Amino acid sequence: MNTLNTKFDFESIAERYDRCNHLLSFGIDHLWRREVIQTLNPKIQQRVLDICTGTGDLAFAFLRHSHSKDVTGLDISKVMIGLAQEKQNRLASKPWIKNKNVRWQVADATKTGLESKSFDFITCAFGIRNIPDRTAVLKEMFRLLKPNGKLCVLEFSLPSNPLLRTIYRLYLNYIMPAAGKLLFGSKEPLKYLARSVHHWHTEVNFVREMSDSGFTLIRKVPLTGGIVTLWLAGK
Ligand SMILES: C[S@@+](CC[C@H](N)C(=O)[O-])C[C@H]1O[C@@H](n2cnc3c(N)ncnc32)[C@H](O)[C@@H]1O
């Protein structure tokens with residue numbers, strides 16, 4: 001398995017993570033999350049697990065825009081999960097969050113300790129690229145899904161159109177790190193993003209890795225000209 005030999009400490013940027021996400025994606029990140037919800041379209045009794053949930057934006061999007069009443073957000077970072085919990089407290093009076101079963105769990109996605117075959121859907125947005133042992137996380141997701149359950153992954157990718165790819169590379173390699181310096185006081189978080197996206201796009205055969213872990217690819221959809229890809233796979 002190809003791995004990127006640099007791990008990134010997300011806790012160091014947790015407090016400013018949301019603002020940075022929305023600013024640098026020009027707010028399009030909401031549309032990518034909505035695409036995941038529309039793709040899976042969970043029914044009222046179906047259980048969703050969002051792995052690498054960060055501050056929980058995708059988990060909240062399920063609560064707000066889908067019928068599912070049972071959503072779990074899991075992340076290895078206690079700080080990120082703490083921020084998700086704070087967000088839930090702030091949103092507690094909203095009608096779309098009341099009477100829903102929301103759980104937050106601090107755990108490593110490679111060994112969650114959750115019950116086998118207990119989720120209808122598992123999602124992972126912009127997380128799997130950062131986990132060195134993808135085989136372990138894919139096996140764990142396979143274990144947690146019910147038979148016929150679905151996995152939906154969002155990851156950054158590079159546009160196939162050569163002009164768009166060149167423009168996007170300039171944005172990723174130069175503009176984003178400069179913006180990162182302003183937002184985080186360091187270029188490193190967004191330099192890491194550029195390195196890891198390049199590695200993921202050029203070195204990783206994710207379809208093969210999913211298939212080796214037992215998943216069947218249902219579809220692979222480029223979003224926003226291919227700067228993000230949605231992968232849908234079944235158990
Ligand atoms: C780029 S953030 C994505 C957050 C969120 N899904 C989003 O779309 O904004 C990646 C997250 O993956 C988490 N993460 C990294 N390695 C992990 C692991 N082994 N198990 C669980 N979470 C992990 C990090 O703590 C971080 O919150």
# chains A, B, ... in the order shown; residues from 1 in each chain; ligands from 1

$ residues_near_ligand --ligand "ligand 1" --cutoff "9 Å" --atoms "only C-alpha atoms and all ligand atoms" --output "ChimeraX atom specification"
/A:7-11,14,17-18,21,29,33,50-59,74-81,106-112,123-133,137,154,193

$ select_by_dssp --residues "chain A" --states "strand (DSSP E)" --output "NGL selection string"
:A and (47-51 or 70-75 or 101-106 or 119-125 or 145-156 or 216-223 or 228-234)

$ closest_residue --among "A:Leu23, A:Gly113, A:Asp212, A:Cys152" --to "A:Asn41" --atoms "only C-alpha atoms"
A:Cys152

$ closest_residue --among "A:Ser12, A:Ser118, A:Ser211, A:Ser186" --to "A:Lys139" --atoms "only C-alpha atoms"
A:Ser211

$ residues_around --residues "stretch 226-229 of chain A" --least-positions-apart "5" --cutoff "8 Å" --atoms "only C-alpha atoms" --output "JSON list (two decimals) with N, CA and C atoms, in the first residue's frame"
[["chain", "number", "residue", "atom", "x", "y", "z"],
["A", 154, "LEU", "N", -15.69, 10.98, 0.31],
["A", 154, "LEU", "CA", -15.37, 12.21, -0.45],
["A", 154, "LEU", "C", -13.88, 12.44, -0.28],
["A", 155, "GLU", "N", -13.19, 12.70, -1.36],
["A", 155, "GLU", "CA", -11.77, 13.05, -1.26],
["A", 155, "GLU", "C", -11.40, 14.09, -2.31],
["A", 156, "PHE", "N", -10.38, 14.86, -2.00],
["A", 156, "PHE", "CA", -9.87, 15.79, -2.99],
["A", 156, "PHE", "C", -9.21, 15.00, -4.12],
["A", 157, "SER", "N", -9.27, 15.57, -5.32],
["A", 157, "SER", "CA", -8.61, 14.94, -6.47],
["A", 157, "SER", "C", -8.15, 16.05, -7.40],
["A", 158, "LEU", "N", -7.60, 15.69, -8.54],
["A", 158, "LEU", "CA", -7.13, 16.71, -9.48],
["A", 158, "LEU", "C", -8.01, 16.66, -10.73],
["A", 159, "PRO", "N", -8.40, 17.83, -11.25],
["A", 159, "PRO", "CA", -9.27, 17.85, -12.44],
["A", 159, "PRO", "C", -8.61, 17.13, -13.62],
["A", 160, "SER", "N", -9.43, 16.48, -14.47],
["A", 160, "SER", "CA", -8.84, 15.81, -15.63],
["A", 160, "SER", "C", -8.59, 16.81, -16.77],
["A", 168, "TYR", "N", -5.79, 24.77, -10.89],
["A", 168, "TYR", "CA", -6.04, 24.25, -9.55],
["A", 168, "TYR", "C", -4.74, 23.95, -8.81],
["A", 220, "LYS", "N", -18.11, 6.31, -9.18],
["A", 220, "LYS", "CA", -17.06, 7.26, -8.82],
["A", 220, "LYS", "C", -17.42, 8.53, -9.57],
["A", 221, "VAL", "N", -17.75, 9.59, -8.82],
["A", 221, "VAL", "CA", -18.30, 10.79, -9.46],
["A", 221, "VAL", "C", -17.40, 12.00, -9.20]]

$ residues_around --residues "A:Gln46" --least-positions-apart "2" --cutoff "8 Å" --atoms "only C-alpha atoms" --output "PyMOL selection string"
chain A and resi 42-44+48+68-70+119-121

$ write_last_selection --atoms "N, CA and C atoms" --output "PDB file, in the first residue's frame"
ATOM      1  N   PRO A  42     -30.686   8.329   3.325  1.00  0.00           N
ATOM      2  CA  PRO A  42     -31.103   7.354   4.341  1.00  0.00           C
ATOM      3  C   PRO A  42     -32.556   7.521   4.784  1.00  0.00           C
ATOM      4  N   LYS A  43     -33.161   6.381   5.099  1.00  0.00           N
ATOM      5  CA  LYS A  43     -34.540   6.408   5.601  1.00  0.00           C
ATOM      6  C   LYS A  43     -34.503   6.597   7.117  1.00  0.00           C
ATOM      7  N   ILE A  44     -35.688   6.835   7.676  1.00  0.00           N
ATOM      8  CA  ILE A  44     -35.799   7.240   9.078  1.00  0.00           C
ATOM      9  C   ILE A  44     -35.076   6.289  10.044  1.00  0.00           C
ATOM     10  N   VAL A  48     -26.408   5.930  10.414  1.00  0.00           N
ATOM     11  CA  VAL A  48     -25.274   6.488   9.661  1.00  0.00           C
ATOM     12  C   VAL A  48     -24.085   6.653  10.600  1.00  0.00           C
ATOM     13  N   SER A  68     -32.719  10.289   8.321  1.00  0.00           N
ATOM     14  CA  SER A  68     -32.120   9.466   9.374  1.00  0.00           C
ATOM     15  C   SER A  68     -32.214  10.143  10.740  1.00  0.00           C
ATOM     16  N   LYS A  69     -32.560   9.341  11.742  1.00  0.00           N
ATOM     17  CA  LYS A  69     -32.678   9.876  13.103  1.00  0.00           C
ATOM     18  C   LYS A  69     -31.532   9.389  13.951  1.00  0.00           C
ATOM     19  N   ASP A  70     -30.584   8.663  13.334  1.00  0.00           N
ATOM     20  CA  ASP A  70     -29.538   8.033  14.127  1.00  0.00           C
ATOM     21  C   ASP A  70     -28.187   8.236  13.449  1.00  0.00           C
ATOM     22  N   PHE A 119     -24.283  -0.575  11.069  1.00  0.00           N
ATOM     23  CA  PHE A 119     -24.613   0.672  10.350  1.00  0.00           C
ATOM     24  C   PHE A 119     -25.080   0.372   8.923  1.00  0.00           C
ATOM     25  N   ASP A 120     -26.059   1.157   8.478  1.00  0.00           N
ATOM     26  CA  ASP A 120     -26.532   1.028   7.093  1.00  0.00           C
ATOM     27  C   ASP A 120     -25.609   1.777   6.142  1.00  0.00           C
ATOM     28  N   PHE A 121     -25.095   2.913   6.634  1.00  0.00           N
ATOM     29  CA  PHE A 121     -24.238   3.751   5.787  1.00  0.00           C
ATOM     30  C   PHE A 121     -23.024   4.220   6.581  1.00  0.00           C
TER      31      PHE A 121
END
